[in-house]
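What follows is the content of query_24.txt, which has compact mmCIF, C-alpha atoms (C1' of nucleotides):
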```txt
# COMPACT_ATOMS: atom_id res chain seq x y z
CA MET Q 1 -6.05 -30.70 -23.41
CA PRO Q 2 -3.74 -30.44 -20.38
CA THR Q 3 -2.97 -27.06 -18.89
CA PRO Q 4 0.66 -26.10 -19.61
CA ALA Q 5 2.95 -26.00 -16.61
CA GLU Q 6 3.60 -22.27 -16.94
CA ALA Q 7 -0.08 -21.49 -16.96
CA GLU Q 8 -0.53 -23.59 -13.85
CA PHE Q 9 2.20 -21.52 -12.23
CA LEU Q 10 0.35 -18.41 -13.28
CA ARG Q 11 -2.63 -19.40 -11.18
CA LEU Q 12 -0.65 -20.67 -8.20
CA ASP Q 13 1.52 -17.63 -8.22
CA ARG Q 14 -1.38 -15.30 -8.08
CA GLN Q 15 -2.59 -17.04 -5.00
CA ILE Q 16 0.71 -16.79 -3.17
CA CYS Q 17 1.58 -13.16 -3.74
CA PHE Q 18 -2.07 -12.30 -3.52
CA SER Q 19 -2.41 -13.91 -0.10
CA LEU Q 20 0.38 -11.75 1.23
CA HIS Q 21 -1.14 -8.63 -0.27
CA ALA Q 22 -4.53 -9.48 1.18
CA ALA Q 23 -3.12 -10.26 4.63
CA SER Q 24 -1.28 -6.97 4.67
CA ARG Q 25 -4.45 -5.09 3.85
CA ALA Q 26 -6.45 -7.09 6.38
CA PHE Q 27 -3.96 -6.13 9.10
CA ASN Q 28 -4.29 -2.56 7.97
CA GLY Q 29 -8.04 -2.79 8.34
CA VAL Q 30 -7.86 -3.96 11.95
CA TYR Q 31 -5.27 -1.33 12.81
CA ARG Q 32 -7.42 1.33 11.22
CA VAL Q 33 -10.24 0.50 13.61
CA LEU Q 34 -8.03 0.20 16.69
CA LEU Q 35 -5.98 3.32 15.98
CA LYS Q 36 -8.87 5.61 15.13
CA ASP Q 37 -9.16 6.71 18.76
CA LEU Q 38 -5.50 7.65 18.81
CA GLY Q 39 -5.74 9.62 15.59
CA LEU Q 40 -3.03 7.52 13.98
CA THR Q 41 -2.77 5.55 10.77
CA TYR Q 42 -0.85 2.31 10.79
CA PRO Q 43 2.38 3.73 9.30
CA GLN Q 44 2.15 6.67 11.71
CA TYR Q 45 1.77 4.17 14.55
CA LEU Q 46 4.94 2.41 13.37
CA VAL Q 47 6.82 5.71 13.51
CA MET Q 48 5.53 6.37 17.00
CA LEU Q 49 6.59 2.88 18.12
CA VAL Q 50 10.13 3.56 16.96
CA LEU Q 51 10.20 6.95 18.65
CA TRP Q 52 8.79 5.55 21.91
CA GLU Q 53 11.51 2.95 21.86
CA HIS Q 54 14.47 5.02 20.73
CA GLY Q 55 13.63 8.62 21.54
CA GLU Q 56 14.89 11.40 19.29
CA LEU Q 57 16.12 10.20 15.89
CA PRO Q 58 17.13 11.71 12.56
CA VAL Q 59 14.71 10.98 9.72
CA LYS Q 60 17.33 8.86 8.02
CA THR Q 61 17.67 6.51 11.01
CA LEU Q 62 13.92 6.38 11.46
CA GLY Q 63 13.63 5.31 7.84
CA GLU Q 64 16.21 2.58 8.34
CA HIS Q 65 14.24 1.13 11.23
CA LEU Q 66 11.05 1.13 9.16
CA ARG Q 67 12.53 0.58 5.71
CA LEU Q 68 10.84 3.73 4.49
CA ASP Q 69 12.46 6.56 2.54
CA SER Q 70 12.11 10.27 3.06
CA GLY Q 71 9.59 10.54 0.26
CA THR Q 72 7.23 8.56 2.44
CA LEU Q 73 8.37 9.87 5.81
CA SER Q 74 8.51 13.60 5.11
CA PRO Q 75 4.80 14.15 4.54
CA LEU Q 76 3.94 11.56 7.20
CA LEU Q 77 6.07 13.37 9.78
CA LYS Q 78 4.52 16.69 8.79
CA ARG Q 79 1.12 15.23 9.55
CA LEU Q 80 2.36 13.91 12.90
CA GLU Q 81 3.77 17.36 13.62
CA ALA Q 82 0.48 19.00 12.66
CA ALA Q 83 -1.26 16.58 15.02
CA GLY Q 84 1.08 17.76 17.78
CA TYR Q 85 2.76 14.41 18.38
CA VAL Q 86 6.28 15.19 17.16
CA GLN Q 87 8.60 18.10 16.54
CA ARG Q 88 11.10 18.30 13.70
CA GLU Q 89 14.29 20.30 13.98
CA ARG Q 90 17.35 20.44 11.81
CA SER Q 91 20.32 19.07 13.69
CA ALA Q 92 22.83 21.64 14.94
CA ALA Q 93 25.68 19.14 14.73
CA ASP Q 94 24.88 18.11 11.17
CA GLU Q 95 22.62 20.46 9.32
CA ARG Q 96 21.87 17.91 6.61
CA SER Q 97 19.95 15.90 9.12
CA VAL Q 98 16.52 16.61 10.57
CA LEU Q 99 15.83 15.33 14.05
CA VAL Q 100 12.42 14.03 15.04
CA ARG Q 101 11.42 14.03 18.68
CA LEU Q 102 8.24 13.38 20.61
CA THR Q 103 6.25 16.22 22.08
CA GLU Q 104 4.79 15.83 25.53
CA THR Q 105 1.46 14.89 23.92
CA GLY Q 106 3.19 12.35 21.73
CA THR Q 107 4.97 10.82 24.70
CA GLU Q 108 1.73 10.59 26.65
CA LEU Q 109 0.01 8.86 23.72
CA ARG Q 110 2.06 5.75 24.46
CA SER Q 111 -0.01 4.79 27.46
CA ARG Q 112 -3.12 4.71 25.29
CA ALA Q 113 -1.31 2.64 22.66
CA LEU Q 114 -0.31 -0.06 25.11
CA ARG Q 115 -3.56 -1.92 24.76
CA VAL Q 116 -3.38 -2.09 20.96
CA PRO Q 117 -0.89 -4.96 20.52
CA ARG Q 118 -2.80 -7.42 22.66
CA ARG Q 119 -5.98 -6.67 20.76
CA ILE Q 120 -4.16 -7.14 17.46
CA ALA Q 121 -2.65 -10.41 18.58
CA GLY Q 122 -6.10 -11.50 19.69
CA ALA Q 123 -7.58 -10.51 16.33
CA THR Q 124 -5.23 -12.86 14.50
CA GLY Q 125 -6.44 -15.86 16.49
CA PHE Q 126 -2.85 -17.13 16.41
CA GLU Q 127 -0.82 -18.35 19.33
CA LEU Q 128 2.22 -16.28 20.19
CA GLU Q 129 4.54 -19.02 19.05
CA GLU Q 130 2.79 -19.33 15.71
CA LEU Q 131 3.05 -15.57 15.19
CA ARG Q 132 6.74 -15.76 16.00
CA GLU Q 133 7.27 -18.51 13.46
CA LEU Q 134 5.28 -16.69 10.80
CA ARG Q 135 7.32 -13.57 11.40
CA ALA Q 136 10.57 -15.48 11.00
CA ARG Q 137 9.34 -16.97 7.74
CA LEU Q 138 8.23 -13.60 6.42
CA ASP Q 139 11.55 -12.01 7.33
CA ARG Q 140 13.37 -14.74 5.44
CA LEU Q 141 11.05 -14.19 2.49
CA THR Q 142 11.66 -10.44 2.56
CA ALA Q 143 15.42 -10.89 2.65
CA ALA Q 144 15.31 -13.26 -0.31
CA LEU Q 145 13.08 -10.93 -2.30
CA ASP Q 146 15.25 -7.89 -1.56
CA GLU Q 147 18.29 -9.85 -2.64
CA ALA Q 148 16.56 -10.96 -5.85
CA ALA Q 149 15.40 -7.43 -6.63
CA ARG Q 150 18.94 -6.15 -6.29
CA HIS Q 151 20.26 -8.78 -8.71
CA LEU Q 152 17.46 -8.28 -11.20
CA GLU Q 153 18.01 -4.57 -11.44
CA GLU Q 154 21.53 -4.98 -12.78
CA MET P 1 12.87 -2.55 36.89
CA PRO P 2 11.24 -5.25 34.74
CA THR P 3 9.66 -4.27 31.45
CA PRO P 4 5.88 -4.41 31.79
CA ALA P 5 4.21 -7.18 29.79
CA GLU P 6 2.24 -4.74 27.67
CA ALA P 7 5.37 -2.88 26.66
CA GLU P 8 6.98 -6.16 25.69
CA PHE P 9 3.95 -6.86 23.51
CA LEU P 10 4.39 -3.44 21.97
CA ARG P 11 7.79 -4.41 20.66
CA LEU P 12 6.89 -7.92 19.57
CA ASP P 13 3.78 -6.71 17.89
CA ARG P 14 5.64 -4.20 15.85
CA GLN P 15 7.82 -6.93 14.54
CA ILE P 16 4.96 -9.18 13.52
CA CYS P 17 2.78 -6.74 11.65
CA PHE P 18 5.85 -4.99 10.41
CA SER P 19 7.24 -8.19 8.91
CA LEU P 20 4.09 -8.65 6.91
CA HIS P 21 4.14 -5.06 5.73
CA ALA P 22 7.79 -5.37 4.73
CA ALA P 23 7.26 -8.67 2.92
CA SER P 24 4.39 -7.20 0.97
CA ARG P 25 6.52 -4.27 -0.13
CA ALA P 26 9.43 -6.55 -0.95
CA PHE P 27 7.19 -8.62 -3.23
CA ASN P 28 6.04 -5.42 -4.80
CA GLY P 29 9.64 -4.46 -5.48
CA VAL P 30 10.40 -7.69 -7.32
CA TYR P 31 7.19 -7.45 -9.33
CA ARG P 32 8.00 -3.87 -10.22
CA VAL P 33 11.23 -5.01 -11.85
CA LEU P 34 9.73 -8.04 -13.60
CA LEU P 35 6.62 -6.25 -14.85
CA LYS P 36 8.34 -3.15 -16.14
CA ASP P 37 8.73 -4.74 -19.59
CA LEU P 38 5.01 -5.47 -19.72
CA GLY P 39 4.07 -1.94 -18.69
CA LEU P 40 2.10 -3.22 -15.72
CA THR P 41 2.13 -2.48 -12.02
CA TYR P 42 1.52 -5.32 -9.61
CA PRO P 43 -2.17 -4.55 -8.98
CA GLN P 44 -2.68 -4.14 -12.73
CA TYR P 45 -1.02 -7.53 -13.22
CA LEU P 46 -3.47 -9.05 -10.73
CA VAL P 47 -6.37 -7.63 -12.72
CA MET P 48 -4.92 -9.06 -15.94
CA LEU P 49 -4.48 -12.48 -14.29
CA VAL P 50 -8.14 -12.55 -13.37
CA LEU P 51 -9.20 -11.46 -16.85
CA TRP P 52 -6.93 -14.02 -18.53
CA GLU P 53 -8.50 -16.67 -16.38
CA HIS P 54 -12.15 -15.66 -16.48
CA GLY P 55 -12.55 -13.51 -19.58
CA GLU P 56 -15.05 -10.66 -19.57
CA LEU P 57 -16.22 -9.63 -16.10
CA PRO P 58 -18.17 -6.79 -14.50
CA VAL P 59 -16.09 -4.51 -12.29
CA LYS P 60 -17.98 -5.73 -9.25
CA THR P 61 -17.01 -9.36 -9.85
CA LEU P 62 -13.44 -8.41 -10.63
CA GLY P 63 -13.31 -6.61 -7.31
CA GLU P 64 -14.63 -9.66 -5.49
CA HIS P 65 -11.88 -11.82 -6.95
CA LEU P 66 -9.24 -9.31 -5.88
CA ARG P 67 -10.91 -7.92 -2.77
CA LEU P 68 -10.66 -4.43 -4.19
CA ASP P 69 -13.43 -1.86 -4.42
CA SER P 70 -14.39 0.37 -7.31
CA GLY P 71 -12.55 3.31 -5.79
CA THR P 72 -9.35 1.41 -6.43
CA LEU P 73 -10.40 -0.37 -9.61
CA SER P 74 -12.00 2.50 -11.52
CA PRO P 75 -8.84 4.57 -12.01
CA LEU P 76 -6.74 1.42 -12.38
CA LEU P 77 -8.99 0.14 -15.17
CA LYS P 78 -8.91 3.52 -16.86
CA ARG P 79 -5.14 3.27 -16.96
CA LEU P 80 -5.32 -0.25 -18.37
CA GLU P 81 -7.77 1.03 -20.96
CA ALA P 82 -5.48 3.94 -21.83
CA ALA P 83 -2.65 1.40 -22.22
CA GLY P 84 -4.83 -0.49 -24.69
CA TYR P 85 -5.09 -3.70 -22.67
CA VAL P 86 -8.79 -3.65 -21.77
CA GLN P 87 -12.08 -2.16 -22.89
CA ARG P 88 -14.85 -1.04 -20.58
CA GLU P 89 -18.46 -1.06 -21.61
CA ARG P 90 -21.63 -0.63 -19.68
CA SER P 91 -23.62 -3.83 -19.70
CA ALA P 92 -26.68 -3.87 -21.93
CA ALA P 93 -28.43 -6.40 -19.72
CA ASP P 94 -27.81 -4.44 -16.53
CA GLU P 95 -26.85 -0.85 -17.05
CA ARG P 96 -25.61 -0.43 -13.49
CA SER P 97 -22.78 -2.74 -14.30
CA VAL P 98 -19.66 -2.01 -16.35
CA LEU P 99 -18.08 -4.94 -18.17
CA VAL P 100 -14.33 -5.21 -18.54
CA ARG P 101 -12.89 -7.26 -21.35
CA LEU P 102 -9.45 -7.81 -22.81
CA THR P 103 -8.43 -6.21 -26.08
CA GLU P 104 -6.45 -8.24 -28.56
CA THR P 105 -3.28 -6.60 -27.26
CA GLY P 106 -4.27 -7.44 -23.71
CA THR P 107 -4.93 -11.05 -24.62
CA GLU P 108 -1.59 -11.32 -26.37
CA LEU P 109 0.20 -9.91 -23.33
CA ARG P 110 -0.46 -13.17 -21.52
CA SER P 111 2.22 -15.05 -23.40
CA ARG P 112 4.82 -12.55 -22.20
CA ALA P 113 3.52 -12.82 -18.63
CA LEU P 114 3.92 -16.59 -18.51
CA ARG P 115 7.54 -16.40 -17.48
CA VAL P 116 6.89 -14.06 -14.55
CA PRO P 117 5.58 -16.54 -11.95
CA ARG P 118 8.52 -18.88 -12.18
CA ARG P 119 10.92 -15.99 -11.75
CA ILE P 120 8.94 -14.76 -8.75
CA ALA P 121 8.89 -18.21 -7.17
CA GLY P 122 12.62 -18.40 -7.78
CA ALA P 123 13.15 -14.99 -6.17
CA THR P 124 11.56 -16.16 -2.93
CA GLY P 125 14.05 -19.01 -2.57
CA PHE P 126 11.18 -21.08 -1.15
CA GLU P 127 10.18 -24.55 -2.20
CA LEU P 128 6.76 -24.85 -3.77
CA GLU P 129 5.45 -26.75 -0.77
CA GLU P 130 6.70 -24.10 1.63
CA LEU P 131 5.01 -21.39 -0.43
CA ARG P 132 1.81 -23.38 -0.37
CA GLU P 133 1.94 -23.70 3.38
CA LEU P 134 2.74 -20.02 3.83
CA ARG P 135 -0.20 -19.12 1.63
CA ALA P 136 -2.55 -21.29 3.67
CA ARG P 137 -1.36 -19.66 6.85
CA LEU P 138 -1.74 -16.16 5.44
CA ASP P 139 -5.23 -16.92 4.20
CA ARG P 140 -6.20 -18.12 7.65
CA LEU P 141 -4.69 -14.97 9.13
CA THR P 142 -6.60 -12.77 6.69
CA ALA P 143 -9.88 -14.50 7.44
CA ALA P 144 -9.36 -14.05 11.19
CA LEU P 145 -8.42 -10.39 10.78
CA ASP P 146 -11.40 -9.66 8.54
CA GLU P 147 -13.65 -11.33 11.06
CA ALA P 148 -12.13 -9.31 13.90
CA ALA P 149 -12.45 -6.06 11.97
CA ARG P 150 -16.14 -6.73 11.38
CA HIS P 151 -16.74 -7.33 15.08
CA LEU P 152 -14.70 -4.34 16.20
CA GLU P 153 -16.59 -1.93 13.99
CA GLU P 154 -19.86 -2.61 15.77
C1' DC S 1 42.51 25.45 1.37
C1' DG S 2 39.26 24.56 -2.41
C1' DC S 3 36.57 21.75 -5.09
C1' DA S 4 34.40 17.36 -6.33
C1' DA S 5 31.79 13.62 -4.59
C1' DC S 6 28.67 12.21 -1.41
C1' DT S 7 24.90 12.44 1.90
C1' DT S 8 20.59 13.94 3.30
C1' DA S 9 16.02 15.89 3.19
C1' DG S 10 12.63 17.84 0.49
C1' DT S 11 9.66 18.15 -3.68
C1' DT S 12 7.00 16.43 -7.40
C1' DG S 13 4.48 13.13 -9.86
C1' DT S 14 2.32 8.52 -10.38
C1' DG S 15 -0.20 4.87 -8.58
C1' DC S 16 -2.68 2.09 -5.02
C1' DA S 17 -6.07 1.68 -0.77
C1' DC S 18 -10.04 3.08 1.17
C1' DA S 19 -13.86 6.00 3.17
C1' DA S 20 -17.63 8.89 2.07
C1' DT S 21 -20.64 10.71 -1.11
C1' DT S 22 -23.23 11.04 -5.45
C1' DG S 23 -26.04 9.62 -9.05
C1' DA S 24 -28.14 6.40 -11.90
C1' DA S 25 -30.53 2.28 -12.57
C1' DT S 26 -32.85 -1.93 -11.01
C1' DT S 27 -35.66 -4.55 -7.96
C1' DG S 28 -39.13 -5.40 -4.70
C1' DT S 29 -43.33 -4.26 -2.91
C1' DA S 30 -47.60 -2.13 -2.04
C1' DT X 1 -47.91 0.73 -11.91
C1' DA X 2 -45.46 3.79 -8.66
C1' DC X 3 -42.26 4.40 -5.27
C1' DA X 4 -38.91 3.10 -1.81
C1' DA X 5 -34.88 0.38 -1.02
C1' DT X 6 -31.01 -1.53 -2.98
C1' DT X 7 -27.18 -2.06 -6.08
C1' DC X 8 -23.42 -0.42 -8.56
C1' DA X 9 -19.94 2.58 -10.53
C1' DA X 10 -17.87 6.91 -10.40
C1' DT X 11 -16.01 10.76 -7.93
C1' DT X 12 -13.58 13.08 -4.31
C1' DG X 13 -10.39 13.44 -0.73
C1' DT X 14 -6.75 11.57 2.36
C1' DG X 15 -2.83 8.95 3.07
C1' DC X 16 0.99 5.68 1.93
C1' DA X 17 4.88 3.85 -1.42
C1' DC X 18 8.27 4.91 -4.39
C1' DA X 19 10.98 6.90 -8.33
C1' DA X 20 13.18 10.89 -10.11
C1' DC X 21 14.92 15.13 -9.27
C1' DT X 22 16.47 19.30 -6.55
C1' DA X 23 18.87 21.73 -3.14
C1' DA X 24 21.82 22.20 0.52
C1' DG X 25 25.41 20.98 3.29
C1' DT X 26 29.44 17.97 4.60
C1' DT X 27 33.46 15.28 3.79
C1' DG X 28 37.50 13.92 1.66
C1' DC X 29 41.07 14.40 -1.43
C1' DG X 30 44.38 16.82 -4.13
```
Please express the file's structure as structure tokens.
Amino acid sequence: MPTPAEAEFLRLDRQICFSLHAASRAFNGVYRVLLKDLGLTYPQYLVMLVLWEHGELPVKTLGEHLRLDSGTLSPLLKRLEAAGYVQRERSAADERSVLVRLTETGTELRSRALRVPRRIAGATGFELEELRELRARLDRLTAALDEAARHLEE
Amino acid sequence: MPTPAEAEFLRLDRQICFSLHAASRAFNGVYRVLLKDLGLTYPQYLVMLVLWEHGELPVKTLGEHLRLDSGTLSPLLKRLEAAGYVQRERSAADERSVLVRLTETGTELRSRALRVPRRIAGATGFELEELRELRARLDRLTAALDEAARHLEE
DNA sequence: CGCAACTTAGTTGTGCACAATTGAATTGTA
DNA sequence: TACAATTCAATTGTGCACAACTAAGTTGCG
């Protein structure tokens, strides 16, 4: 009794999407260990990276960089504010917008974060070039999936 | 003033881990659309895949297949039970263990899930061979990261 | 100028991920 | 057999992701 093609897909498929899911959580696990000293979670670290690079930003722009919406960012930024790393202030120029900026403590945190990336890269056991290629492939995958999701919703 | 090497890493690193994070969420988005009809979330779908393949399993074993712990699975399985797709019953042979099995409704759901994988594979725009290769690479990445996390914690 | 449409952030609710703890039951060992 | 160690699930608490909705403010058009 041969396994039907669709059922075979069902198994293969689980392994593909599942691998991505697992890799994402595995990354998270390593970051959790490395960021504990800094008092940051991985998504909080991403926010800090963007702020270290770009300085003061409205929440909207921050979300565009990270592909996160305000429902995720609002409470996250409140926690970063409570930790003393950022300040939030409604823009004077456009009162719809809330500006996020680093505090002095938050700015200083950067120097302690500098050692994280190399340790992460080391943890993967991948060469830089291989990481670069993987990233390119994942970005292409993400773009295709986003496109597909848009079409499917209509 | 040249950018220090560590700072350069800081940017590159963000893009690598970030790509993975984004791809995982993008997959989630497509699954959300495709699974809405079945009344399943993506992690619930994973649980159903394992049950369709292996039949009745203790929660512990289910978690090993999916790399999820009981803190995640317990409430998830309660929701699947409330939806009428699974039953939970404490094992008679070993009363520490709770067995999860499909209900008739849950078993029948499989036929409606059969079309999902092909649509997902299509949404990626990747050839089957490319998906296979990506999966292998991600699995290797996950193994390395898990290994690193174990060492770092000590 | 005034109002409708839009933009933006916040809030609320659901669900997943995971750490830490609890409690119950089994197993191994003296 | 009795008890200590282990196993396992559940619970609790924190944080992220996202959808749906609210509220407030701005912009653009008539």
### Task
Find the residues around Q:Leu109 up to 8 Å (all atoms listed in the file counted), leave out those fewer than 4 positions away in its own chain, and share them as a PyMOL selection string.
chain Q and resi 38+105+113
### Interface list for chain Q, partner chain X, 10 Å threshold, only C-alpha atoms (C1' of nucleotides), as a list in words
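Here is what falls inside 10 Å: Thr41, Tyr42, Pro43, Gln44, Leu68, Asp69, Ser70, Gly71, Thr72, Leu73, Pro75, Leu76, Arg79, Asp94, Glu95, Arg96 and Ser97 of chain Q.
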Give me the chain S side of the contact with stretch 23-37 of chain Q, cut-off 12 Å, one line per residue showing its nearest atom pair and distance in Å at one decimal, counting only C-alpha atoms (C1' of nucleotides), sorted by chain and residue number, as a tab-separated table.
```
residue	atom	partner	partner_atom	distance
S:DC16	C1'	Q:Arg25	CA	11.5
S:DA17	C1'	Q:Arg25	CA	8.4
S:DC18	C1'	Q:Gly29	CA	9.5
S:DA19	C1'	Q:Arg32	CA	11.3
```
Per-residue nearest contacts of chain Q to chain P (7 Å; all atoms listed in the file) as JSON lines:
```
{"residue": "Q:Glu6", "atom": "CA", "partner": "P:Leu114", "partner_atom": "CA", "distance": 5.9}
{"residue": "Q:Ala7", "atom": "CA", "partner": "P:Leu114", "partner_atom": "CA", "distance": 6.5}
{"residue": "Q:Phe9", "atom": "CA", "partner": "P:Pro117", "partner_atom": "CA", "distance": 6.0}
{"residue": "Q:Leu10", "atom": "CA", "partner": "P:Pro117", "partner_atom": "CA", "distance": 5.7}
{"residue": "Q:Asp13", "atom": "CA", "partner": "P:Pro117", "partner_atom": "CA", "distance": 5.6}
{"residue": "Q:Ile16", "atom": "CA", "partner": "P:Arg135", "partner_atom": "CA", "distance": 5.4}
{"residue": "Q:Ser19", "atom": "CA", "partner": "P:Arg135", "partner_atom": "CA", "distance": 5.9}
{"residue": "Q:Leu20", "atom": "CA", "partner": "P:Ser24", "partner_atom": "CA", "distance": 6.1}
{"residue": "Q:His21", "atom": "CA", "partner": "P:Ser24", "partner_atom": "CA", "distance": 5.8}
{"residue": "Q:Ala22", "atom": "CA", "partner": "P:Thr142", "partner_atom": "CA", "distance": 6.7}
{"residue": "Q:Ala23", "atom": "CA", "partner": "P:Thr142", "partner_atom": "CA", "distance": 4.8}
{"residue": "Q:Ser24", "atom": "CA", "partner": "P:His21", "partner_atom": "CA", "distance": 5.8}
{"residue": "Q:Ala26", "atom": "CA", "partner": "P:Thr142", "partner_atom": "CA", "distance": 5.7}
{"residue": "Q:Phe27", "atom": "CA", "partner": "P:Leu145", "partner_atom": "CA", "distance": 6.4}
{"residue": "Q:Gly29", "atom": "CA", "partner": "P:Ala149", "partner_atom": "CA", "distance": 6.6}
{"residue": "Q:Val30", "atom": "CA", "partner": "P:Ala149", "partner_atom": "CA", "distance": 5.0}
{"residue": "Q:Val33", "atom": "CA", "partner": "P:Glu153", "partner_atom": "CA", "distance": 6.8}
{"residue": "Q:Leu114", "atom": "CA", "partner": "P:Glu6", "partner_atom": "CA", "distance": 5.9}
{"residue": "Q:Pro117", "atom": "CA", "partner": "P:Asp13", "partner_atom": "CA", "distance": 5.6}
{"residue": "Q:Arg118", "atom": "CA", "partner": "P:Phe9", "partner_atom": "CA", "distance": 6.8}
{"residue": "Q:Ala123", "atom": "CA", "partner": "P:Ala148", "partner_atom": "CA", "distance": 5.3}
{"residue": "Q:Thr124", "atom": "CA", "partner": "P:Ala144", "partner_atom": "CA", "distance": 5.4}
{"residue": "Q:Gly125", "atom": "CA", "partner": "P:Ala144", "partner_atom": "CA", "distance": 6.3}
{"residue": "Q:Leu131", "atom": "CA", "partner": "P:Ile16", "partner_atom": "CA", "distance": 6.9}
{"residue": "Q:Arg135", "atom": "CA", "partner": "P:Ile16", "partner_atom": "CA", "distance": 5.4}
{"residue": "Q:Leu138", "atom": "CA", "partner": "P:Ser19", "partner_atom": "CA", "distance": 6.0}
{"residue": "Q:Asp139", "atom": "CA", "partner": "P:Ser19", "partner_atom": "CA", "distance": 6.0}
{"residue": "Q:Leu141", "atom": "CA", "partner": "P:Thr124", "partner_atom": "CA", "distance": 5.8}
{"residue": "Q:Thr142", "atom": "CA", "partner": "P:Ala23", "partner_atom": "CA", "distance": 4.8}
{"residue": "Q:Ala144", "atom": "CA", "partner": "P:Thr124", "partner_atom": "CA", "distance": 5.4}
{"residue": "Q:Leu145", "atom": "CA", "partner": "P:Thr124", "partner_atom": "CA", "distance": 5.5}
{"residue": "Q:Asp146", "atom": "CA", "partner": "P:Ala26", "partner_atom": "CA", "distance": 6.0}
{"residue": "Q:Ala148", "atom": "CA", "partner": "P:Ala123", "partner_atom": "CA", "distance": 5.3}
{"residue": "Q:Ala149", "atom": "CA", "partner": "P:Val30", "partner_atom": "CA", "distance": 5.1}
{"residue": "Q:Glu153", "atom": "CA", "partner": "P:Val33", "partner_atom": "CA", "distance": 6.8}
```
Counting all atoms listed in the file, give me one row per residue of chain S with an atom at most 8 Å from an atom of chain Q, showing the shortest contact pair and its distance in Å to one decimal, sorted by chain then residue number, as a Markdown table.
```
| residue | atom | partner | partner_atom | distance |
| --- | --- | --- | --- | --- |
| S:DT7 | C1' | Q:Arg96 | CA | 7.8 |
| S:DT8 | C1' | Q:Arg96 | CA | 5.3 |
| S:DA9 | C1' | Q:Ser70 | CA | 6.8 |
| S:DG10 | C1' | Q:Ser74 | CA | 7.5 |
```
Could you save those same residues with C-alpha atoms (C1' of nucleotides) as a PDB file, in the coordinates of the input?
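The new file again.pdb reads:
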```
ATOM      1  C1'  DT S   7      24.900  12.440   1.900  1.00  0.00           C
ATOM      2  C1'  DT S   8      20.590  13.940   3.300  1.00  0.00           C
ATOM      3  C1'  DA S   9      16.020  15.890   3.190  1.00  0.00           C
ATOM      4  C1'  DG S  10      12.630  17.840   0.490  1.00  0.00           C
TER       5       DG S  10
END
```
#### Entry: Point-to-point distance in Å for atom C1' of S:DT12 and atom CA of Q:His65
25.2 Å
### Task
Just the residues within 9 Å of P:Glu104, please, counting all atoms listed in the file, with nothing from its chain fewer than 5 positions along; format it as a PyMOL selection string.
chain P and resi 84-86+109
### Task
Would you mind reading off the distance between atom CA of P:Arg88 and atom C1' of S:DT22, one decimal, in Å?
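So the two atoms, atom CA of P:Arg88 and atom C1' of S:DT22, lie 21.1 Å apart.
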